[in-house]
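Encoded as structure tokens, the structure appears first; notes follow it.
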Protein chains: 2
Amino acid sequence: MSPKITVELLRQLRQAMKNSKYITEPIQAYIVPSGDAHQSEYIAPCDRRREFICGFNGSAGTAIVTEQHAALWTDGRYFLQASQQMDNNWTLMKMGLKETPSQEDWLISVLPENSKVGVDPWIIAADQWKNMSKALSNAGHSLVAVKDNLIDAIWEDRPPRPSTKLITLGLKYAGLTWQDKVTALRGKMAERKISWFVVTALDEIAWLFNLRGSDIEYNPVFFAYAIIGISSIKLFVDSKRLLHPAVREHLELDSPSKSELTIQCFSYESVYTELQAVCVALAPKEKMWICDKASCALTQVIPKAHRSAIPYTPLCLAKAVKNPTEIQGMKMAHIKDAVALCELFAWLEKEIPKGKVTEISVADKAEELRSQQKDFVGLSFPTISSVGPNGAIIHYRPLPETNRTLSLNEVYLIDSGAQYLDGTTDVTRTVHFGTPSDYEKECFTYVLKGHIAVSAAVFPNGTKGHLLDSFARASLWDSGLDYLHGTGHGVGCFLNVHEGPCGISYKTFADEPLEAGMIVSDEPGYYEDGSFGIRLENVVLVIPAKTKYNYRNRGSLTFEPLTLVPIQLKMINTDLLTQKERDWVNDYHRKCRETVGAELERQARKVALDWLIQETQPIV
Amino acid sequence: MSPKITVELLRQLRQAMKNSKYITEPIQAYIVPSGDAHQSEYIAPCDRRREFICGFNGSAGTAIVTEQHAALWTDGRYFLQASQQMDNNWTLMKMGLKETPSQEDWLISVLPENSKVGVDPWIIAADQWKNMSKALSNAGHSLVAVKDNLIDAIWEDRPPRPSTKLITLGLKYAGLTWQDKVTALRGKMAERKISWFVVTALDEIAWLFNLRGSDIEYNPVFFAYAIIGISSIKLFVDSKRLLHPAVREHLELDSPSKSELTIQCFSYESVYTELQAVCVALAPKEKMWICDKASCALTQVIPKAHRSAIPYTPLCLAKAVKNPTEIQGMKMAHIKDAVALCELFAWLEKEIPKGKVTEISVADKAEELRSQQKDFVGLSFPTISSVGPNGAIIHYRPLPETNRTLSLNEVYLIDSGAQYLDGTTDVTRTVHFGTPSDYEKECFTYVLKGHIAVSAAVFPNGTKGHLLDSFARASLWDSGLDYLHGTGHGVGCFLNVHEGPCGISYKTFADEPLEAGMIVSDEPGYYEDGSFGIRLENVVLVIPAKTKYNYRNRGSLTFEPLTLVPIQLKMINTDLLTQKERDWVNDYHRKCRETVGAELERQARKVALDWLIQETQPIV
């Protein structure tokens, strides 16, 4: 990995910071955040502005360039990578270390008095703008919105914004028409006396209109905005995408009769002026919803008196609770995914002794096997395929220069998933193809106990996911071990593999209560730096639990695993399991054998079926 | 219970609201909060202004009087009591019910335009003032500080502020001199470049100066303020209290040499003007700490540029981590407390069949037995002594009109504690003197399993208490049961029985991590309305845990029970316990027998010793 040479780029950017073509008064610093205008977790190549200016291409990081300095803030996952990818014009700011200043503090320490700090208001979230602006103005500086993005101004071969073909999802996949979803949303708006809602998150727009795209790798979304009124619908999307007859029919664009379910289409870029027009026409007490994580640019269009900023939108909540069709689809997707993984593991058992299987070749093979399954669309995230010490790097992705060969001597961890038209998967298995050490088995068994403790937990309606996080850790804690990531995240249905507003983490304080129909991951782990990594991940569905009593009629919930891939028995020290835990493993494996076995038989995949039967023997 | 007649009082208050003697312009509403000027949980009679104006004497509630209305907000614990204690001039606002408006919303709905709402700035916390003021001014009204308290103005026989004798605590009890504590505090101030700290919480002042008082029932504190500078100490307290030679000597008030450890004494009332004087003399960049829960009056004296409002003060944190002397004292206090309770239970077993023992008489007997122990000062809170259905009222306190007789047929719950010079206790036991039903035993056993799950938990350094809360509930949740209160609170050392900043609760998000030396309660419960209540409470000490491994060298913690009172075996369904849980009960009872047995023997309390031995037989 050689660093990106940025001397000339920085010179150009610093010129732009003084160029009256872009700004009325020179700015003394320019902030380049990671995200796009929709605060997406994964971004399209045209939005990789921070990577363009500094060379660092990790998923998290903010670059700041002043007249004299250039600095990049990122977290512990990326210290090594960032230091390798950036040249010495850049200072690496290691977030999480005590001596590392915050962006605000650093700016205040290096800027001359009364400085102006610029940022593109489209790619900074409203809540971040607020905090940064306050800190700077307390120190006598000011944060200013620079409408033309200065990186775009100097980025000669910047790729165009993708505008991929739209996929329409019928009732068979979506379970509800987009018209029903709009009507339900309006019901929630009416309840709270809200007359408009500005939708900015790409997965919310995709879910609302039962449309998918492929503008961003791994995330089946498309660039768009929507403004939903009590009696109007405004959709902002590249007009070329609406020429296809299937899309026109799906959205009823050519319907001669006009109603409150008629969609008005506008170009993607016109959202700003249209929102201004809507705001000008607002009656005195009208209120408009916008997520507090929406861009500062759009948020500030809405006059404060009319703005109701919310941490989670009603679409985020509605999308999280899957309907029966979506649940059925997620189940089907997980069965097909298990078929592919059973094939993969059966293949690995035969191939590994030959010494030619590498982290990258397994990832490719897994993708090939998944792609043979019905309604396969693509992967849901880059496959983490890691041998031995690479497994201890939590966000590892095999590259030619790190690629290790699988052997009979090391633990192998694979965390992978796919997008199918009927659902999204995300599964991690940790296996050993030779004989695991007692210590590896011990650690694996603690992780398994934690996984079961969450999966089998019974808890009252209204419980937030973060209250379950410690169940996943208790066995590890007992032995002085732990893992430094959360236990679970929400999973979309043929949508983003990470979605809010629920999750299972010690860090999440603003999560929403778990509800029947929500789908989350359950993925405790243990990582021994330089040696091995263990993670055991199922996607699980929140379901009502039958309990002996029912205190205050609140009702109880528990989880049903959707992922149905055997857990390697060889890695388990069964002496450490309670009878209840043994029963859980046996029940789980029985279900894998029945459900996935039937599908393997239907698909006549004999080798994988034999492997499944061998791997799902009950523990005695 | 007959309601207080408030017609005349309300007339007088409404006159005062227009009287230019107290206010420059008439106010349209007046808020009467619960607290005192130190935001104490328990308050002195002279501060019971809310009770005076409306009659309701529960621990939580806010009264608001407008020209036309009078309303009281309180929570579910007190709906019945408040409705019985208030006459029909008052509207009861049931907090927690959906249809109940917040104080702000209600004020906005009933006030004429541009109204002024008054409140005594001394008894409203700065953070509450901020929220209320913002809501009112958004609606065109304003919150105004009324310096003369209008309740005091009409309260003819208002008791004087107590000024009880001060108790000095030597090194034997405090473990550290007050001089050492001031020096350590200044170290923390210097670290954060803070030059002044305004101490407003009564328990922090008592702890800092190794002094105790009895101004507030159950809480060994005294009315005072302190302002600690880097080189000066200002103590604000009724000067009569400083006349006693022991106090003068303890505080070194007569020392001829002056140093940065010389205490300057001022009257309690002069804190406002002295703080003003300190603020006037501040250098441009000097910063002053004050807790964000301190009174609005004092907080606003400090100019914003100099004010650093903190959620927990360094004294709160320092006080929470007990030093070895305090730990030893707490252990001794709990042994003496266990002696008293063993005597009590032995006595109850003999007396109950006679049919004359009541909730009140047990509470009195418990106090009498505790008072026989060395260094007994008083109770640490009003004893909760409850039979059968009264046990389901979580904050029950027996009154003549509710007093039930103990029998062989009902569950009995006693939650009680005391102040000793060496420590504070708080213990709950739930027992049956006849034969408990299978259901009562089942519920008790779930509560016991939850208690053990917390008490035996091992967790990494840096873990916050709220991450342990679900351990206490898991067994109840499994059967569809739960309890609607937190699991534990911090406990002071010969100080308040409830103290911050740590605790174990699903509700607490701003708690500080648990540290070795902290002391908290572990008190899960189960309450069956109209039938019985179960709670099992030990006070436990956070101690380092020995673990097999030590991930990232973080170290682990666990708890050691300080409370050593047998858990009634008759209430346990041992079939529901795991072997680990049985071992825990047996270990606990062995420790009770050894430690408390030795003290019972020393005190020659033969009957109680026999009872202890009988109650600590191992479970097989």
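Just remember, in the structure tokens the first chain shown is A, the second B, etc., residues are 1-based per chain, and ligands are 1-based in the order shown.
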With only C-alpha atoms considered, list every residue of chain B at most 8 Å from chain A, as a PyMOL selection string.
chain B and resi 457-460+467-471+474+477-482+506+509+547-551+555-556
File dump, residues just selected, C-alpha atoms, as a PDB file, in the first residue's frame:
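Below you can see part-v3.pdb, which holds the result:
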```
ATOM      1  CA  ALA B 457     -21.828 -11.255  38.785  1.00  0.00           C
ATOM      2  CA  VAL B 458     -18.282 -10.768  37.517  1.00  0.00           C
ATOM      3  CA  PHE B 459     -17.812  -7.821  35.175  1.00  0.00           C
ATOM      4  CA  PRO B 460     -14.949  -5.758  33.740  1.00  0.00           C
ATOM      5  CA  LEU B 467     -25.612  -3.032  32.530  1.00  0.00           C
ATOM      6  CA  LEU B 468     -26.226  -5.421  35.446  1.00  0.00           C
ATOM      7  CA  ASP B 469     -29.900  -4.633  35.940  1.00  0.00           C
ATOM      8  CA  SER B 470     -31.216  -7.317  33.573  1.00  0.00           C
ATOM      9  CA  PHE B 471     -29.330 -10.037  35.473  1.00  0.00           C
ATOM     10  CA  ALA B 474     -33.877 -12.713  33.909  1.00  0.00           C
ATOM     11  CA  TRP B 477     -38.808 -12.505  32.904  1.00  0.00           C
ATOM     12  CA  ASP B 478     -38.549 -16.189  32.001  1.00  0.00           C
ATOM     13  CA  SER B 479     -41.861 -16.729  33.772  1.00  0.00           C
ATOM     14  CA  GLY B 480     -43.483 -13.520  32.524  1.00  0.00           C
ATOM     15  CA  LEU B 481     -42.914 -11.612  35.798  1.00  0.00           C
ATOM     16  CA  ASP B 482     -41.061  -8.357  36.589  1.00  0.00           C
ATOM     17  CA  TYR B 506     -32.763   0.034  33.733  1.00  0.00           C
ATOM     18  CA  PHE B 509     -28.355   6.246  31.831  1.00  0.00           C
ATOM     19  CA  THR B 547     -10.701 -14.405  37.050  1.00  0.00           C
ATOM     20  CA  LYS B 548      -9.061 -17.161  35.004  1.00  0.00           C
ATOM     21  CA  TYR B 549      -8.020 -14.689  32.278  1.00  0.00           C
ATOM     22  CA  ASN B 550      -7.620 -10.912  32.188  1.00  0.00           C
ATOM     23  CA  TYR B 551      -8.607  -9.450  28.795  1.00  0.00           C
ATOM     24  CA  GLY B 555      -9.275  -6.349  35.623  1.00  0.00           C
ATOM     25  CA  SER B 556     -12.658  -7.523  36.848  1.00  0.00           C
TER      26      SER B 556
END
```
Long-range neighbours of B:Met332 as a PyMOL selection string, 12 Å cut-off, only C-alpha atoms, 2 positions minimum in chain:
chain B and resi 173+325-330+334-339+373-376+419-425+493-494+562-564+595-596+599
Out of B:Ala392, B:Ala333, B:Leu495, B:Ala139, which residue has the shortest atom-to-atom distance to B:Gly213 when counting only C-alpha atoms?
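Of the candidates, the smallest distance to B:Gly213 is held by B:Leu495.
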Separation of atom CA of A:Leu541 from atom CA of A:Gly500, in Å and rounded to one decimal
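So the answer is 14.7 Å.
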Polymer residues at most 9 Å from A:Leu253, only C-alpha atoms, same-chain spacing of 2 or more positions, as a list in words
Leu242, Val247, Arg248, Glu249, His250, Leu251, Ser255, Pro256, Thr262, Ile263, Gln264 and Cys265 of chain A
Mind writing the picked residues with all heavy atoms as an mmCIF file, in the first residue's frame?
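Final output, again_15.cif:
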```
data_model
loop_
_atom_site.group_PDB
_atom_site.id
_atom_site.type_symbol
_atom_site.label_atom_id
_atom_site.label_comp_id
_atom_site.auth_asym_id
_atom_site.auth_seq_id
_atom_site.Cartn_x
_atom_site.Cartn_y
_atom_site.Cartn_z
ATOM 1 N N LEU A 242 -37.458 7.039 -14.511
ATOM 2 C CA LEU A 242 -38.917 6.868 -14.470
ATOM 3 C C LEU A 242 -39.491 6.601 -15.859
ATOM 4 O O LEU A 242 -40.708 6.581 -16.043
ATOM 5 C CB LEU A 242 -39.569 8.111 -13.861
ATOM 6 C CG LEU A 242 -39.090 8.456 -12.437
ATOM 7 C CD1 LEU A 242 -39.730 9.736 -11.960
ATOM 8 C CD2 LEU A 242 -39.388 7.314 -11.469
ATOM 9 N N VAL A 247 -41.828 0.744 -14.058
ATOM 10 C CA VAL A 247 -41.745 1.719 -12.971
ATOM 11 C C VAL A 247 -42.938 2.673 -13.036
ATOM 12 O O VAL A 247 -43.569 2.995 -12.023
ATOM 13 C CB VAL A 247 -40.405 2.502 -13.042
ATOM 14 C CG1 VAL A 247 -40.360 3.605 -12.000
ATOM 15 C CG2 VAL A 247 -39.225 1.550 -12.879
ATOM 16 N N ARG A 248 -43.260 3.116 -14.250
ATOM 17 C CA ARG A 248 -44.396 4.052 -14.413
ATOM 18 C C ARG A 248 -45.688 3.403 -13.920
ATOM 19 O O ARG A 248 -46.486 4.033 -13.230
ATOM 20 C CB ARG A 248 -44.556 4.461 -15.889
ATOM 21 C CG ARG A 248 -43.352 5.195 -16.463
ATOM 22 C CD ARG A 248 -43.679 5.922 -17.757
ATOM 23 N NE ARG A 248 -44.502 7.105 -17.514
ATOM 24 C CZ ARG A 248 -44.031 8.252 -17.022
ATOM 25 N NH1 ARG A 248 -42.758 8.374 -16.715
ATOM 26 N NH2 ARG A 248 -44.841 9.268 -16.837
ATOM 27 N N GLU A 249 -45.832 2.124 -14.260
ATOM 28 C CA GLU A 249 -47.051 1.426 -13.846
ATOM 29 C C GLU A 249 -47.080 1.251 -12.331
ATOM 30 O O GLU A 249 -48.093 1.505 -11.676
ATOM 31 C CB GLU A 249 -47.102 0.065 -14.543
ATOM 32 C CG GLU A 249 -48.469 -0.600 -14.430
ATOM 33 C CD GLU A 249 -48.430 -2.015 -15.037
ATOM 34 O OE1 GLU A 249 -47.573 -2.248 -15.917
ATOM 35 O OE2 GLU A 249 -49.238 -2.855 -14.619
ATOM 36 N N HIS A 250 -45.930 0.824 -11.787
ATOM 37 C CA HIS A 250 -45.833 0.604 -10.343
ATOM 38 C C HIS A 250 -46.196 1.880 -9.571
ATOM 39 O O HIS A 250 -46.924 1.832 -8.569
ATOM 40 C CB HIS A 250 -44.401 0.168 -10.015
ATOM 41 C CG HIS A 250 -44.114 0.010 -8.551
ATOM 42 N ND1 HIS A 250 -44.465 -1.120 -7.841
ATOM 43 C CD2 HIS A 250 -43.509 0.842 -7.660
ATOM 44 C CE1 HIS A 250 -44.083 -0.972 -6.577
ATOM 45 N NE2 HIS A 250 -43.499 0.202 -6.443
ATOM 46 N N LEU A 251 -45.685 2.990 -10.033
ATOM 47 C CA LEU A 251 -45.929 4.259 -9.327
ATOM 48 C C LEU A 251 -47.216 4.941 -9.793
ATOM 49 O O LEU A 251 -47.555 6.030 -9.297
ATOM 50 C CB LEU A 251 -44.730 5.202 -9.514
ATOM 51 C CG LEU A 251 -43.407 4.741 -8.891
ATOM 52 C CD1 LEU A 251 -42.301 5.755 -9.205
ATOM 53 C CD2 LEU A 251 -43.529 4.569 -7.370
ATOM 54 N N SER A 255 -51.596 7.480 -14.535
ATOM 55 C CA SER A 255 -53.021 7.404 -14.205
ATOM 56 C C SER A 255 -53.681 8.744 -14.524
ATOM 57 O O SER A 255 -53.179 9.807 -14.145
ATOM 58 C CB SER A 255 -53.165 7.084 -12.712
ATOM 59 O OG SER A 255 -54.482 7.354 -12.300
ATOM 60 N N PRO A 256 -54.805 8.713 -15.248
ATOM 61 C CA PRO A 256 -55.430 9.975 -15.657
ATOM 62 C C PRO A 256 -56.077 10.709 -14.473
ATOM 63 O O PRO A 256 -56.086 11.932 -14.420
ATOM 64 C CB PRO A 256 -56.481 9.527 -16.673
ATOM 65 C CG PRO A 256 -56.753 8.080 -16.369
ATOM 66 C CD PRO A 256 -55.548 7.524 -15.704
ATOM 67 N N THR A 262 -51.431 10.531 -5.922
ATOM 68 C CA THR A 262 -50.704 10.797 -7.165
ATOM 69 C C THR A 262 -49.308 11.312 -6.826
ATOM 70 O O THR A 262 -49.159 12.219 -5.994
ATOM 71 C CB THR A 262 -51.438 11.872 -7.982
ATOM 72 O OG1 THR A 262 -52.754 11.396 -8.262
ATOM 73 C CG2 THR A 262 -50.695 12.172 -9.283
ATOM 74 N N ILE A 263 -48.315 10.700 -7.462
ATOM 75 C CA ILE A 263 -46.937 11.122 -7.192
ATOM 76 C C ILE A 263 -46.525 12.222 -8.166
ATOM 77 O O ILE A 263 -46.644 12.060 -9.383
ATOM 78 C CB ILE A 263 -45.974 9.925 -7.346
ATOM 79 C CG1 ILE A 263 -46.333 8.834 -6.321
ATOM 80 C CG2 ILE A 263 -44.523 10.374 -7.174
ATOM 81 C CD1 ILE A 263 -45.483 7.590 -6.442
ATOM 82 N N GLN A 264 -46.060 13.338 -7.639
ATOM 83 C CA GLN A 264 -45.462 14.385 -8.480
ATOM 84 C C GLN A 264 -43.969 14.115 -8.542
ATOM 85 O O GLN A 264 -43.326 14.008 -7.496
ATOM 86 C CB GLN A 264 -45.656 15.762 -7.851
ATOM 87 C CG GLN A 264 -47.088 16.239 -7.750
ATOM 88 C CD GLN A 264 -47.097 17.520 -6.922
ATOM 89 O OE1 GLN A 264 -47.227 17.467 -5.704
ATOM 90 N NE2 GLN A 264 -46.930 18.663 -7.584
ATOM 91 N N CYS A 265 -43.426 14.025 -9.740
ATOM 92 C CA CYS A 265 -42.000 13.716 -9.866
ATOM 93 C C CYS A 265 -41.181 14.970 -10.170
ATOM 94 O O CYS A 265 -41.590 15.825 -10.964
ATOM 95 C CB CYS A 265 -41.789 12.681 -10.968
ATOM 96 S SG CYS A 265 -42.595 11.129 -10.570
#
```
To one decimal place in Å, what is the distance between atom CA of A:Ser142 and atom CA of A:Asn114?
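Going from atom CA of A:Ser142 over to atom CA of A:Asn114, I get 7.3 Å.
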Give me, as a list in words, all polymer residues having an atom no more than 10 Å from B:Leu10, counting only C-alpha atoms and skipping those fewer than 5 positions away in the same chain.
Ile5, Gln15, Ala16, Ile53, Cys54, Val65, Thr66, Glu67, Gln68, His69, Ala70, Asn89, Ile151 and Ile154 of chain B
For A:Trp106, work out the shell of residues within 12 Å, counting only C-alpha atoms and skipping chain neighbours fewer than 2 positions away, then give it as a list in words.
Ala29, Ile64, Val65, Thr66, His69, Ala70, Ala71, Leu72, Trp73, Thr91, Met93, Glu99, Thr100, Pro101, Ser102, Gln103, Glu104, Ile108, Ser109, Val110, Leu111, Met132, Ala135, Leu136 and Ala139 of chain A
Å distance separating atom CA of A:Ser437 from atom CA of A:Met571, one decimal place
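So the two atoms, atom CA of A:Ser437 and atom CA of A:Met571, lie 8.9 Å apart.
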Find the spatial neighbours of stretch 145-149 of chain A, counting only C-alpha atoms, within a cut-off of 6 Å - ignore same-chain residues fewer than 5 positions away - and output them as an mmCIF file with N, CA and C atoms, in the first residue's frame.
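After the write, selection.cif holds the following:
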```cif
data_model
loop_
_atom_site.group_PDB
_atom_site.id
_atom_site.type_symbol
_atom_site.label_atom_id
_atom_site.label_comp_id
_atom_site.auth_asym_id
_atom_site.auth_seq_id
_atom_site.Cartn_x
_atom_site.Cartn_y
_atom_site.Cartn_z
ATOM 1 N N GLY A 118 -15.302 26.355 6.705
ATOM 2 C CA GLY A 118 -16.330 25.997 5.725
ATOM 3 C C GLY A 118 -16.642 24.517 5.729
ATOM 4 N N VAL A 119 -17.859 24.196 5.355
ATOM 5 C CA VAL A 119 -18.271 22.801 5.181
ATOM 6 C C VAL A 119 -19.429 22.782 4.193
ATOM 7 N N ASP A 120 -19.529 21.683 3.441
ATOM 8 C CA ASP A 120 -20.657 21.516 2.524
ATOM 9 C C ASP A 120 -21.892 21.166 3.352
ATOM 10 N N PRO A 121 -22.904 22.016 3.399
ATOM 11 C CA PRO A 121 -24.046 21.772 4.283
ATOM 12 C C PRO A 121 -24.857 20.534 3.878
#
```
Please list as a ChimeraX atom specification every residue within 9 Å of B:Pro160, counting only C-alpha atoms and excluding residues in the same chain fewer than 3 positions away.
/B:45-46,157,163
Quick one: write out the picked residues with N, CA and C atoms as an mmCIF file, in the first residue's frame?
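What ended up in out.cif:
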```cif
data_model
loop_
_atom_site.group_PDB
_atom_site.id
_atom_site.type_symbol
_atom_site.label_atom_id
_atom_site.label_comp_id
_atom_site.auth_asym_id
_atom_site.auth_seq_id
_atom_site.Cartn_x
_atom_site.Cartn_y
_atom_site.Cartn_z
ATOM 1 N N PRO B 45 -38.895 19.987 58.165
ATOM 2 C CA PRO B 45 -40.264 20.507 58.235
ATOM 3 C C PRO B 45 -40.397 21.931 57.661
ATOM 4 N N CYS B 46 -39.415 22.789 57.876
ATOM 5 C CA CYS B 46 -39.526 24.168 57.397
ATOM 6 C C CYS B 46 -39.537 24.242 55.865
ATOM 7 N N ASP B 157 -47.075 29.796 61.097
ATOM 8 C CA ASP B 157 -46.333 29.048 62.119
ATOM 9 C C ASP B 157 -45.253 28.155 61.495
ATOM 10 N N SER B 163 -31.051 23.691 63.478
ATOM 11 C CA SER B 163 -29.628 23.955 63.622
ATOM 12 C C SER B 163 -29.128 23.061 64.752
#
```
Alpha helix (DSSP H) call set, DSSP backbone run, stretch 255-331 of chain B, as JSON, numbers by chain:
{"B": [271, 272, 273, 274, 275, 276, 277, 278, 279, 280, 296, 297, 298, 299, 300, 301, 314, 315, 316, 317, 318, 319, 320, 324, 325, 326, 327, 328, 329, 330, 331]}
Keeping only N, CA and C atoms, write the selected residues as a short mmCIF file (atom, residue, chain, number, x, y, z; two decimals), in the first residue's frame.
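And here's part.cif as it stands now:
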```cif
data_model
loop_
_atom_site.label_atom_id
_atom_site.label_comp_id
_atom_site.auth_asym_id
_atom_site.auth_seq_id
_atom_site.Cartn_x
_atom_site.Cartn_y
_atom_site.Cartn_z
N VAL B 271 -24.23 33.05 51.66
CA VAL B 271 -23.58 32.38 50.53
C VAL B 271 -23.78 33.16 49.23
N TYR B 272 -24.96 33.76 49.09
CA TYR B 272 -25.27 34.46 47.84
C TYR B 272 -24.35 35.65 47.63
N THR B 273 -24.25 36.50 48.65
CA THR B 273 -23.42 37.70 48.50
C THR B 273 -21.94 37.36 48.44
N GLU B 274 -21.51 36.33 49.18
CA GLU B 274 -20.10 35.93 49.12
C GLU B 274 -19.75 35.37 47.74
N LEU B 275 -20.68 34.57 47.20
CA LEU B 275 -20.42 34.01 45.86
C LEU B 275 -20.34 35.14 44.83
N GLN B 276 -21.22 36.13 45.00
CA GLN B 276 -21.15 37.32 44.12
C GLN B 276 -19.77 37.97 44.21
N ALA B 277 -19.29 38.11 45.45
CA ALA B 277 -17.99 38.76 45.64
C ALA B 277 -16.86 37.96 45.00
N VAL B 278 -16.93 36.64 45.15
CA VAL B 278 -15.91 35.79 44.51
C VAL B 278 -15.97 35.97 43.00
N CYS B 279 -17.19 35.99 42.46
CA CYS B 279 -17.35 36.06 40.99
C CYS B 279 -16.84 37.39 40.43
N VAL B 280 -17.07 38.45 41.17
CA VAL B 280 -16.62 39.77 40.71
C VAL B 280 -15.10 39.79 40.55
N CYS B 296 -31.07 27.15 41.02
CA CYS B 296 -31.01 28.16 39.98
C CYS B 296 -30.42 29.47 40.54
N ALA B 297 -30.80 29.81 41.79
CA ALA B 297 -30.37 31.07 42.38
C ALA B 297 -28.84 31.16 42.42
N LEU B 298 -28.20 30.14 42.98
CA LEU B 298 -26.74 30.17 43.09
C LEU B 298 -26.07 30.02 41.73
N THR B 299 -26.63 29.14 40.90
CA THR B 299 -26.03 28.90 39.58
C THR B 299 -25.95 30.18 38.78
N GLN B 300 -27.03 30.97 38.85
CA GLN B 300 -27.08 32.17 38.01
C GLN B 300 -26.20 33.31 38.53
N VAL B 301 -25.73 33.16 39.76
CA VAL B 301 -24.76 34.16 40.25
C VAL B 301 -23.47 34.07 39.43
N PRO B 314 -16.91 16.15 41.79
CA PRO B 314 -15.81 15.27 42.21
C PRO B 314 -16.00 14.78 43.64
N LEU B 315 -16.70 15.53 44.48
CA LEU B 315 -16.95 15.06 45.84
C LEU B 315 -17.92 13.90 45.84
N CYS B 316 -18.92 13.97 44.97
CA CYS B 316 -19.90 12.90 44.86
C CYS B 316 -19.18 11.61 44.47
N LEU B 317 -18.26 11.73 43.53
CA LEU B 317 -17.49 10.56 43.09
C LEU B 317 -16.53 10.06 44.16
N ALA B 318 -15.84 11.00 44.83
CA ALA B 318 -14.87 10.61 45.86
C ALA B 318 -15.60 9.94 47.03
N LYS B 319 -16.73 10.48 47.41
CA LYS B 319 -17.52 9.95 48.52
C LYS B 319 -18.04 8.55 48.22
N ALA B 320 -18.33 8.29 46.96
CA ALA B 320 -18.91 7.00 46.58
C ALA B 320 -17.91 5.86 46.74
N PRO B 324 -10.60 2.44 53.14
CA PRO B 324 -10.55 1.22 53.97
C PRO B 324 -11.22 1.39 55.34
N THR B 325 -11.06 2.56 55.96
CA THR B 325 -11.70 2.78 57.27
C THR B 325 -13.21 2.77 57.13
N GLU B 326 -13.71 3.43 56.11
CA GLU B 326 -15.16 3.45 55.89
C GLU B 326 -15.68 2.04 55.60
N ILE B 327 -14.93 1.28 54.80
CA ILE B 327 -15.36 -0.08 54.47
C ILE B 327 -15.42 -0.91 55.75
N GLN B 328 -14.38 -0.79 56.59
CA GLN B 328 -14.36 -1.53 57.84
C GLN B 328 -15.55 -1.11 58.71
N GLY B 329 -15.82 0.19 58.74
CA GLY B 329 -16.96 0.70 59.52
C GLY B 329 -18.28 0.16 59.00
N MET B 330 -18.44 0.17 57.68
CA MET B 330 -19.68 -0.34 57.09
C MET B 330 -19.85 -1.82 57.44
N LYS B 331 -18.74 -2.57 57.42
CA LYS B 331 -18.84 -4.00 57.77
C LYS B 331 -19.31 -4.16 59.21
#
```
Shortest interatomic distance to B:Pro389 - which of B:Gln579, B:Leu166, B:Phe532, B:Cys502, counting only C-alpha atoms:
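Using only C-alpha atoms, B:Pro389 sits closest to B:Phe532.
When only C-alpha atoms are used to compute distances to A:Gly378, the closest of the residues A:Pro220, A:Gly525, A:Gly503, A:Gly488 turns out to be A:Pro220.
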